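S.K.: Pasting upload-v2.csv here (CSV, C-alpha atoms):
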chain,number,residue,atom,x,y,z
A,1,MET,CA,181.0,67.5,-12.5
A,2,ARG,CA,177.9,67.3,-10.3
A,3,ARG,CA,178.1,64.9,-7.5
A,4,GLN,CA,174.5,65.1,-6.3
A,5,THR,CA,171.5,63.8,-8.2
A,6,LYS,CA,169.8,66.7,-10.0
A,7,THR,CA,166.2,67.2,-9.0
A,8,LYS,CA,163.7,69.6,-10.6
A,9,GLY,CA,165.1,73.1,-10.3
A,10,PRO,CA,167.9,74.2,-8.0
A,11,THR,CA,168.0,72.9,-4.5
A,12,MET,CA,169.8,74.4,-1.5
A,13,ALA,CA,172.5,71.7,-1.9
A,14,ASP,CA,173.3,72.6,-5.5
A,15,VAL,CA,176.9,73.5,-5.7
A,16,ASN,CA,177.7,76.7,-7.5
A,17,ARG,CA,180.8,75.9,-9.5
A,18,GLY,CA,182.6,78.7,-11.3
A,19,ASP,CA,179.6,81.0,-11.6
A,20,ARG,CA,179.9,82.8,-8.2
A,21,PRO,CA,179.4,86.5,-8.2
A,22,LEU,CA,182.5,88.7,-8.7
A,23,SER,CA,183.4,91.6,-6.5
A,24,PRO,CA,181.6,94.7,-7.5
A,25,HIS,CA,183.9,96.8,-9.7
A,26,LEU,CA,185.6,99.9,-8.2
A,27,GLN,CA,183.4,102.4,-10.0
A,28,VAL,CA,180.2,101.4,-8.1
A,29,TYR,CA,181.6,103.0,-4.9
A,30,ARG,CA,181.4,106.7,-4.1
A,31,PRO,CA,185.1,107.5,-3.3
A,32,GLN,CA,185.7,107.8,0.4
A,33,LEU,CA,188.8,107.6,2.6
A,34,THR,CA,188.2,104.0,3.6
A,35,SER,CA,187.6,102.7,0.1
A,36,ILE,CA,190.5,104.8,-1.4
A,37,THR,CA,193.0,103.5,1.3
A,38,SER,CA,191.8,100.0,0.7
A,39,ILE,CA,192.2,100.2,-3.0
A,40,LEU,CA,195.7,101.7,-2.5
A,41,THR,CA,196.6,98.7,-0.3
A,42,ARG,CA,196.0,96.3,-3.2
A,43,LEU,CA,197.5,98.6,-5.8
A,44,THR,CA,200.8,99.1,-3.9
A,45,GLY,CA,201.0,95.4,-3.0
A,46,ASN,CA,200.7,94.3,-6.6
A,47,ALA,CA,202.8,97.2,-8.1
A,48,LEU,CA,205.7,96.3,-5.9
A,49,ILE,CA,206.4,93.4,-8.2
A,50,VAL,CA,208.1,95.9,-10.6
A,51,ALA,CA,210.7,96.9,-7.9
A,52,VAL,CA,211.1,93.2,-6.9
A,53,PHE,CA,211.8,92.4,-10.6
A,54,LEU,CA,214.4,95.1,-10.8
A,55,ILE,CA,216.2,94.2,-7.6
A,56,ILE,CA,216.3,90.5,-8.3
A,57,TRP,CA,217.7,91.3,-11.8
A,58,TRP,CA,220.3,93.5,-10.1
A,59,LEU,CA,221.2,90.7,-7.6
A,60,LEU,CA,221.5,88.2,-10.4
A,61,ALA,CA,223.8,90.7,-12.3
A,62,ALA,CA,225.9,91.1,-9.2
A,63,ALA,CA,226.2,87.3,-8.9
A,64,THR,CA,227.1,87.0,-12.6
A,65,GLY,CA,230.0,89.4,-12.7
A,66,PRO,CA,231.3,93.0,-12.7
A,67,GLU,CA,230.5,93.7,-16.4
A,68,TYR,CA,226.8,92.6,-16.2
A,69,PHE,CA,226.5,94.3,-12.8
A,70,ALA,CA,227.6,97.6,-14.4
A,71,LEU,CA,224.6,97.4,-16.7
A,72,ALA,CA,222.1,96.6,-13.9
A,73,ASP,CA,223.7,99.3,-11.7
A,74,SER,CA,223.3,101.9,-14.4
A,75,VAL,CA,219.6,101.1,-14.8
A,76,LEU,CA,218.9,101.2,-11.1
A,77,THR,CA,220.8,104.4,-10.5
A,78,SER,CA,219.4,106.2,-13.6
A,79,TRP,CA,216.6,108.8,-13.2
A,80,PHE,CA,214.2,106.0,-14.2
A,81,GLY,CA,215.5,103.6,-11.6
A,82,ASP,CA,215.5,106.3,-8.9
A,83,LEU,CA,211.9,107.2,-9.8
A,84,VAL,CA,210.7,103.5,-9.7
A,85,LEU,CA,212.6,102.7,-6.5
A,86,THR,CA,211.5,105.9,-4.7
A,87,LEU,CA,207.8,105.3,-5.6
A,88,SER,CA,208.2,101.7,-4.6
A,89,LEU,CA,209.7,102.8,-1.2
A,90,TRP,CA,206.6,104.8,-0.6
A,91,ALA,CA,204.5,101.8,-1.8
A,92,ILE,CA,206.1,99.4,0.6
A,93,TRP,CA,205.7,101.7,3.6
A,94,TYR,CA,202.1,102.4,2.6
A,95,HIS,CA,201.4,98.6,2.2
A,96,TYR,CA,203.3,98.0,5.5
A,97,LEU,CA,201.1,100.4,7.5
A,98,ALA,CA,197.9,99.3,5.7
A,99,GLY,CA,198.8,95.7,6.5
A,100,LEU,CA,199.2,96.6,10.2
A,101,ARG,CA,195.8,98.3,10.0
A,102,HIS,CA,194.4,95.1,8.4
A,103,LEU,CA,195.7,93.1,11.3
A,104,TYR,CA,194.1,95.5,13.7
A,105,TYR,CA,190.8,95.3,11.8
A,106,ASP,CA,191.1,91.5,11.8
A,107,ALA,CA,191.2,91.6,15.6
A,108,GLY,CA,187.8,93.2,15.4
A,109,LYS,CA,189.1,96.6,16.4
A,110,GLY,CA,189.0,100.1,14.9
A,111,LEU,CA,186.0,99.3,12.6
A,112,ASP,CA,183.9,102.3,13.5
A,113,ILE,CA,183.9,105.1,11.0
A,114,PRO,CA,185.7,107.8,13.0
A,115,THR,CA,188.5,105.4,14.0
A,116,SER,CA,188.9,103.8,10.5
A,117,GLU,CA,189.1,107.3,9.0
A,118,ILE,CA,191.9,108.3,11.4
A,119,LEU,CA,193.7,105.0,10.6
A,120,GLY,CA,193.3,105.9,6.9
A,121,TRP,CA,195.1,109.2,7.4
A,122,VAL,CA,197.7,107.4,9.5
A,123,CYS,CA,198.5,105.1,6.5
A,124,ILE,CA,198.7,108.1,4.1
A,125,GLY,CA,200.6,110.5,6.3
A,126,GLY,CA,202.7,107.8,8.0
A,127,SER,CA,203.8,106.3,4.6
A,128,VAL,CA,205.1,109.7,3.4
A,129,VAL,CA,206.9,110.4,6.7
A,130,LEU,CA,208.5,106.9,6.7
A,131,THR,CA,209.5,107.3,3.1
A,132,VAL,CA,211.2,110.7,3.8
A,133,ILE,CA,213.0,109.3,6.9
A,134,THR,CA,214.2,106.3,4.9
A,135,LEU,CA,215.5,108.5,2.1
A,136,ILE,CA,217.4,110.6,4.7
A,137,ILE,CA,218.9,107.6,6.4
A,138,ILE,CA,220.0,105.8,3.3
B,1,MET,CA,168.7,65.6,-3.1
B,2,ARG,CA,171.0,66.0,-0.2
B,3,TYR,CA,169.7,67.6,2.9
B,4,LEU,CA,172.6,70.0,3.1
B,5,THR,CA,172.2,73.7,3.2
B,6,ALA,CA,174.5,76.2,1.6
B,7,ARG,CA,175.4,77.6,5.0
B,8,LYS,CA,176.4,74.1,6.3
B,9,ARG,CA,178.6,73.6,3.3
B,10,ALA,CA,180.4,76.9,3.7
B,11,GLU,CA,180.6,77.2,7.5
B,12,GLY,CA,184.2,77.4,8.8
B,13,LEU,CA,185.6,77.0,5.3
B,14,GLY,CA,184.1,79.7,3.0
B,15,ALA,CA,182.6,79.1,-0.4
B,16,ALA,CA,186.0,78.1,-1.9
B,17,HIS,CA,186.7,75.7,1.0
B,18,SER,CA,190.2,77.1,1.4
B,19,GLY,CA,189.7,80.7,2.2
B,20,THR,CA,190.3,80.4,5.9
B,21,GLU,CA,193.7,78.9,5.4
B,22,HIS,CA,194.6,81.4,2.7
B,23,HIS,CA,193.6,84.3,4.9
B,24,TRP,CA,195.5,82.9,7.8
B,25,TYR,CA,198.6,82.5,5.7
B,26,MET,CA,198.4,86.2,4.7
B,27,THR,CA,198.1,87.1,8.4
B,28,VAL,CA,201.1,85.1,9.4
B,29,SER,CA,203.3,86.2,6.5
B,30,ALA,CA,202.2,89.8,7.1
B,31,VAL,CA,203.5,89.6,10.7
B,32,GLY,CA,206.7,87.9,9.5
B,33,LEU,CA,207.3,90.6,6.9
B,34,ALA,CA,206.6,93.4,9.3
B,35,LEU,CA,209.5,92.1,11.4
B,36,ILE,CA,212.1,91.7,8.7
B,37,ILE,CA,211.2,94.3,6.0
B,38,PRO,CA,212.4,97.5,7.8
B,39,ALA,CA,216.0,96.2,8.4
B,40,PHE,CA,216.1,94.8,4.9
B,41,LEU,CA,214.9,98.2,3.3
B,42,PHE,CA,217.6,100.2,5.1
B,43,ILE,CA,220.4,97.8,4.2
B,44,LEU,CA,219.3,97.4,0.6
B,45,GLY,CA,218.8,101.2,0.3
B,46,ARG,CA,222.4,101.8,1.5
B,47,THR,CA,223.7,99.1,-0.8
B,48,ILE,CA,222.1,100.1,-4.1
B,49,GLY,CA,224.5,102.4,-6.0
B,50,GLY,CA,227.5,100.7,-4.5
B,51,THR,CA,230.4,99.1,-6.4
B,52,HIS,CA,230.3,95.5,-7.4
B,53,GLU,CA,232.7,94.6,-4.5
B,54,GLU,CA,230.6,96.5,-2.0
B,55,VAL,CA,227.4,94.8,-3.1
B,56,THR,CA,229.0,91.4,-3.1
B,57,GLU,CA,230.4,92.0,0.4
B,58,VAL,CA,227.0,93.1,1.8
B,59,PHE,CA,225.2,90.0,0.5
B,60,ALA,CA,228.0,87.7,1.4
B,61,HIS,CA,227.5,88.5,5.1
B,62,PRO,CA,225.6,85.6,6.6
B,63,ALA,CA,223.0,87.8,8.4
B,64,MET,CA,222.1,89.7,5.2
B,65,ALA,CA,222.1,86.5,3.1
B,66,ILE,CA,219.6,84.9,5.5
B,67,LEU,CA,217.5,88.1,5.7
B,68,THR,CA,217.4,88.4,1.9
B,69,LEU,CA,216.4,84.7,1.5
B,70,LEU,CA,213.6,85.1,4.0
B,71,VAL,CA,212.4,88.3,2.3
B,72,LEU,CA,212.4,86.5,-1.1
B,73,TYR,CA,210.6,83.4,0.2
B,74,VAL,CA,208.0,85.0,2.5
B,75,GLY,CA,207.6,88.2,0.4
B,76,LEU,CA,206.9,86.3,-2.9
B,77,GLN,CA,204.6,83.8,-1.3
B,78,HIS,CA,202.7,86.8,0.2
B,79,PHE,CA,202.6,88.4,-3.2
B,80,ARG,CA,201.5,85.2,-4.9
B,81,LYS,CA,198.5,84.7,-2.6
B,82,GLY,CA,197.6,88.4,-2.5
B,83,ALA,CA,197.7,88.7,-6.3
B,84,GLN,CA,195.6,85.5,-6.5
B,85,THR,CA,192.9,87.1,-4.3
B,86,MET,CA,192.8,90.1,-6.7
B,87,ILE,CA,192.5,87.8,-9.7
B,88,GLU,CA,189.7,85.8,-8.0
B,89,ASP,CA,187.9,89.1,-7.2
B,90,TYR,CA,187.8,90.3,-10.8
B,91,ALA,CA,188.2,87.4,-13.2
B,92,ARG,CA,186.4,84.1,-13.7
B,93,GLY,CA,186.6,80.9,-15.8
B,94,MET,CA,189.5,80.2,-18.0
B,95,THR,CA,190.9,83.8,-17.7
B,96,ARG,CA,191.1,83.3,-13.9
B,97,LYS,CA,192.9,80.0,-14.2
B,98,ILE,CA,195.4,81.3,-16.7
B,99,LEU,CA,196.1,84.5,-14.6
B,100,ILE,CA,196.6,82.5,-11.4
B,101,ILE,CA,199.0,80.0,-13.1
B,102,GLY,CA,200.8,83.0,-14.6
B,103,VAL,CA,201.2,84.7,-11.2
B,104,THR,CA,202.4,81.4,-9.6
B,105,VAL,CA,205.0,80.9,-12.3
B,106,LEU,CA,206.2,84.5,-12.0
B,107,SER,CA,206.4,84.4,-8.2
B,108,TYR,CA,208.3,81.1,-8.0
B,109,GLY,CA,210.5,82.1,-10.9
B,110,LEU,CA,211.5,85.4,-9.3
B,111,MET,CA,211.9,83.8,-5.9
B,112,VAL,CA,214.3,81.1,-7.0
B,113,THR,CA,216.2,83.4,-9.3
B,114,GLY,CA,216.8,85.8,-6.4
B,115,MET,CA,217.7,82.9,-4.1
B,116,PHE,CA,220.2,81.5,-6.6
B,117,ALA,CA,221.8,85.0,-6.8
B,118,VAL,CA,222.0,85.4,-3.0
B,119,VAL,CA,223.5,81.9,-2.5
B,120,LYS,CA,226.1,82.5,-5.3
B,121,LEU,CA,227.1,85.9,-3.7
B,122,ALA,CA,227.2,84.4,-0.2
B,123,LEU,CA,229.1,81.2,-0.8
Give the structure from the file, written as structure tokens.
M.R.:
Amino acid sequence: MRRQTKTKGPTMADVNRGDRPLSPHLQVYRPQLTSITSILTRLTGNALIVAVFLIIWWLLAAATGPEYFALADSVLTSWFGDLVLTLSLWAIWYHYLAGLRHLYYDAGKGLDIPTSEILGWVCIGGSVVLTVITLIII
Amino acid sequence: MRYLTARKRAEGLGAAHSGTEHHWYMTVSAVGLALIIPAFLFILGRTIGGTHEEVTEVFAHPAMAILTLLVLYVGLQHFRKGAQTMIEDYARGMTRKILIIGVTVLSYGLMVTGMFAVVKLAL
């Protein structure tokens, strides 16, 4: 629905509804640390829904009763559950550090290439270290 | 024609007119999650694999019940809006609308299911 009167040809006030350009797709970029760590942020954040789904199902099973809980428990503690939860643990720590980096960027800091590359390595290395520490503690 | 430039229309609001608020919500929820996620992870990690009585006992503790409800609410709102941004980056038209509605339904569905389970375990 156009609210303004249409004149000949587009004017500066023409509203672009629904036909705005999309983000360039991932393959147009030459892979570099900053782009890879940015893509990983989105990937980990969205992939975490799998672990969220499993854990909420496990909680619901616990709230339902011991028999149903036994089923959810056997899935979460199986090799498949261990694999998904361990990868998700890394994913949440990665997303955590990348989120902090995002907040730092939002403050207008760390945007020069040498600093942002260091921050990229901090996210990658830090997430592995935090995952190992968490696995040792739990 | 209206004497309104594209810049004037977008200034302070962004092209979608709600981007600033969306971005600010992600900032605020990110800080909130940064505060509560580590404690939640450690307690959850120690609880998974426990017996039914142990698990019930952990979530029946008021502090853990409150923490879990917060993680469910803030976490899934953060997910919903983050996933929406991804959809808006790569899909348009009817596909975009259907995907955003799908993510919204999934997020609230999981959130409230988890909340129901925690409340039932806690009370």
S.K.: Show me a table, sorted first by chain and then by increasing residue number, of the residues of stretch 67-115 of chain A having an atom at most 7 Å from stretch 37-57 of chain B, each with its shortest atom pair and the distance in Å to one decimal, counting only C-alpha atoms and written as JSON lines.
M.R.:
{"residue": "A:Phe69", "atom": "CA", "partner": "B:His52", "partner_atom": "CA", "distance": 6.7}
{"residue": "A:Asp73", "atom": "CA", "partner": "B:Gly49", "partner_atom": "CA", "distance": 6.5}
{"residue": "A:Thr77", "atom": "CA", "partner": "B:Gly49", "partner_atom": "CA", "distance": 6.2}
S.K.: Kindly give the distance, in Å, that separates atom CA of B:Phe116 and atom CA of A:Trp58, rounded to a single decimal.
M.R.: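 Rounded to one decimal, the two atoms are 12.5 Å apart.
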S.K.: Show which residues sit within 9 Å of B:Tyr73, as a list in words. Count all atoms listed in the file, and ignore same-chain residues fewer than 3 positions away.
M.R.: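 Non-adjacent residues within range: Thr68, Leu69, Leu70, Leu76, Gln77, His78, Tyr108, Met111, Val112 and Met115 of chain B.
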S.K.: Using all atoms listed in the file, which chain B residues lie at most 7 Å away from chain A, written as a ChimeraX atom specification?
M.R.: /B:1-6,30,34,42,45-46,49,52,56,83,89-90,93,114,117,120-121
S.K.: Just how far from atom CA of A:Leu87 is atom CA of A:Thr44, in Å to one decimal?
M.R.: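 Between atom CA of A:Thr44 and atom CA of A:Leu87 the gap works out to 9.5 Å.
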S.K.: Using all atoms listed in the file, pick whichever of A:Thr37, A:Gln27, A:Thr131, A:Gln32 has the shortest atom-to-atom distance to A:Ala91.
M.R.: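 Answer, going by the shortest atom-to-atom distance: A:Thr131.
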S.K.: Do you have the atom CA of A:Thr86-atom CA of A:Ile36 distance handy?
M.R.: 21.3 Å
S.K.: Export stretch 22-130 of chain A from the structure block above, keeping C-alpha atoms, as a CSV table (one decimal), in the first residue's frame.
M.R.:
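The resulting file, decode_30.csv, is reproduced below:
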chain,number,residue,atom,x,y,z
A,22,LEU,CA,19.6,-8.9,1.1
A,23,SER,CA,22.9,-9.4,2.9
A,24,PRO,CA,25.6,-10.6,0.5
A,25,HIS,CA,25.9,-14.4,0.7
A,26,LEU,CA,28.8,-15.9,2.6
A,27,GLN,CA,30.6,-17.1,-0.5
A,28,VAL,CA,31.4,-13.6,-1.7
A,29,TYR,CA,33.9,-13.1,1.1
A,30,ARG,CA,37.5,-14.3,1.0
A,31,PRO,CA,37.7,-16.2,4.3
A,32,GLN,CA,39.5,-14.3,7.0
A,33,LEU,CA,39.7,-14.5,10.7
A,34,THR,CA,37.2,-11.7,11.3
A,35,SER,CA,34.6,-13.0,8.9
A,36,ILE,CA,35.0,-16.7,10.1
A,37,THR,CA,34.6,-15.6,13.7
A,38,SER,CA,31.6,-13.5,12.9
A,39,ILE,CA,29.9,-16.4,11.0
A,40,LEU,CA,30.7,-18.7,13.9
A,41,THR,CA,28.9,-16.3,16.2
A,42,ARG,CA,25.7,-16.7,14.3
A,43,LEU,CA,26.1,-20.4,13.7
A,44,THR,CA,26.7,-21.2,17.4
A,45,GLY,CA,23.9,-18.9,18.5
A,46,ASN,CA,21.4,-20.6,16.3
A,47,ALA,CA,22.7,-24.2,16.7
A,48,LEU,CA,22.2,-23.9,20.5
A,49,ILE,CA,18.5,-24.4,19.9
A,50,VAL,CA,19.2,-28.1,19.6
A,51,ALA,CA,20.7,-28.3,23.1
A,52,VAL,CA,17.9,-26.0,24.4
A,53,PHE,CA,15.3,-28.4,22.9
A,54,LEU,CA,17.0,-31.5,24.5
A,55,ILE,CA,17.3,-29.8,28.0
A,56,ILE,CA,13.8,-28.5,28.0
A,57,TRP,CA,12.6,-32.0,27.1
A,58,TRP,CA,14.7,-33.5,29.9
A,59,LEU,CA,13.2,-30.9,32.4
A,60,LEU,CA,9.7,-31.7,31.2
A,61,ALA,CA,10.4,-35.4,31.6
A,62,ALA,CA,11.7,-34.8,35.2
A,63,ALA,CA,8.5,-32.9,35.9
A,64,THR,CA,6.4,-35.7,34.5
A,65,GLY,CA,7.7,-38.6,36.5
A,66,PRO,CA,10.5,-41.1,37.1
A,67,GLU,CA,9.6,-43.4,34.2
A,68,TYR,CA,9.6,-40.7,31.5
A,69,PHE,CA,12.7,-39.1,33.1
A,70,ALA,CA,14.5,-42.4,32.7
A,71,LEU,CA,14.0,-42.2,28.9
A,72,ALA,CA,15.2,-38.5,28.7
A,73,ASP,CA,18.1,-39.3,31.0
A,74,SER,CA,19.2,-42.2,28.8
A,75,VAL,CA,19.1,-40.0,25.7
A,76,LEU,CA,21.1,-37.1,27.3
A,77,THR,CA,23.7,-39.4,28.8
A,78,SER,CA,24.1,-41.6,25.7
A,79,TRP,CA,27.1,-41.0,23.4
A,80,PHE,CA,24.9,-39.0,21.2
A,81,GLY,CA,23.7,-36.8,24.1
A,82,ASP,CA,27.3,-36.4,25.3
A,83,LEU,CA,28.4,-35.4,21.8
A,84,VAL,CA,25.6,-32.8,21.4
A,85,LEU,CA,25.9,-31.4,24.9
A,86,THR,CA,29.8,-31.2,24.7
A,87,LEU,CA,29.6,-29.4,21.3
A,88,SER,CA,26.9,-27.1,22.7
A,89,LEU,CA,29.1,-26.3,25.7
A,90,TRP,CA,31.8,-25.1,23.3
A,91,ALA,CA,29.1,-23.3,21.3
A,92,ILE,CA,27.8,-21.4,24.2
A,93,TRP,CA,31.2,-20.4,25.5
A,94,TYR,CA,32.2,-19.3,22.0
A,95,HIS,CA,28.9,-17.3,21.6
A,96,TYR,CA,29.5,-15.9,25.1
A,97,LEU,CA,33.0,-14.5,24.2
A,98,ALA,CA,31.9,-13.4,20.8
A,99,GLY,CA,29.0,-11.6,22.4
A,100,LEU,CA,31.4,-9.8,24.7
A,101,ARG,CA,33.5,-8.9,21.7
A,102,HIS,CA,30.4,-7.5,20.0
A,103,LEU,CA,29.6,-5.3,23.0
A,104,TYR,CA,33.2,-4.1,22.9
A,105,TYR,CA,32.9,-3.3,19.2
A,106,ASP,CA,29.5,-1.6,19.8
A,107,ALA,CA,31.3,0.7,22.2
A,108,GLY,CA,33.4,1.7,19.2
A,109,LYS,CA,36.5,0.0,20.4
A,110,GLY,CA,38.8,-2.7,19.0
A,111,LEU,CA,37.7,-2.1,15.4
A,112,ASP,CA,41.2,-1.8,13.9
A,113,ILE,CA,42.5,-4.9,12.1
A,114,PRO,CA,45.3,-6.0,14.5
A,115,THR,CA,43.1,-5.7,17.6
A,116,SER,CA,40.1,-7.4,16.0
A,117,GLU,CA,42.3,-10.3,14.8
A,118,ILE,CA,43.6,-10.7,18.4
A,119,LEU,CA,40.0,-10.6,19.7
A,120,GLY,CA,39.1,-13.3,17.1
A,121,TRP,CA,41.8,-15.6,18.4
A,122,VAL,CA,40.7,-14.8,22.0
A,123,CYS,CA,37.2,-16.1,21.1
A,124,ILE,CA,38.5,-19.3,19.5
A,125,GLY,CA,41.2,-20.1,22.1
A,126,GLY,CA,39.2,-18.8,25.0
A,127,SER,CA,36.1,-20.9,24.1
A,128,VAL,CA,38.2,-24.1,24.0
A,129,VAL,CA,39.9,-23.3,27.3
A,130,LEU,CA,36.5,-22.5,29.0
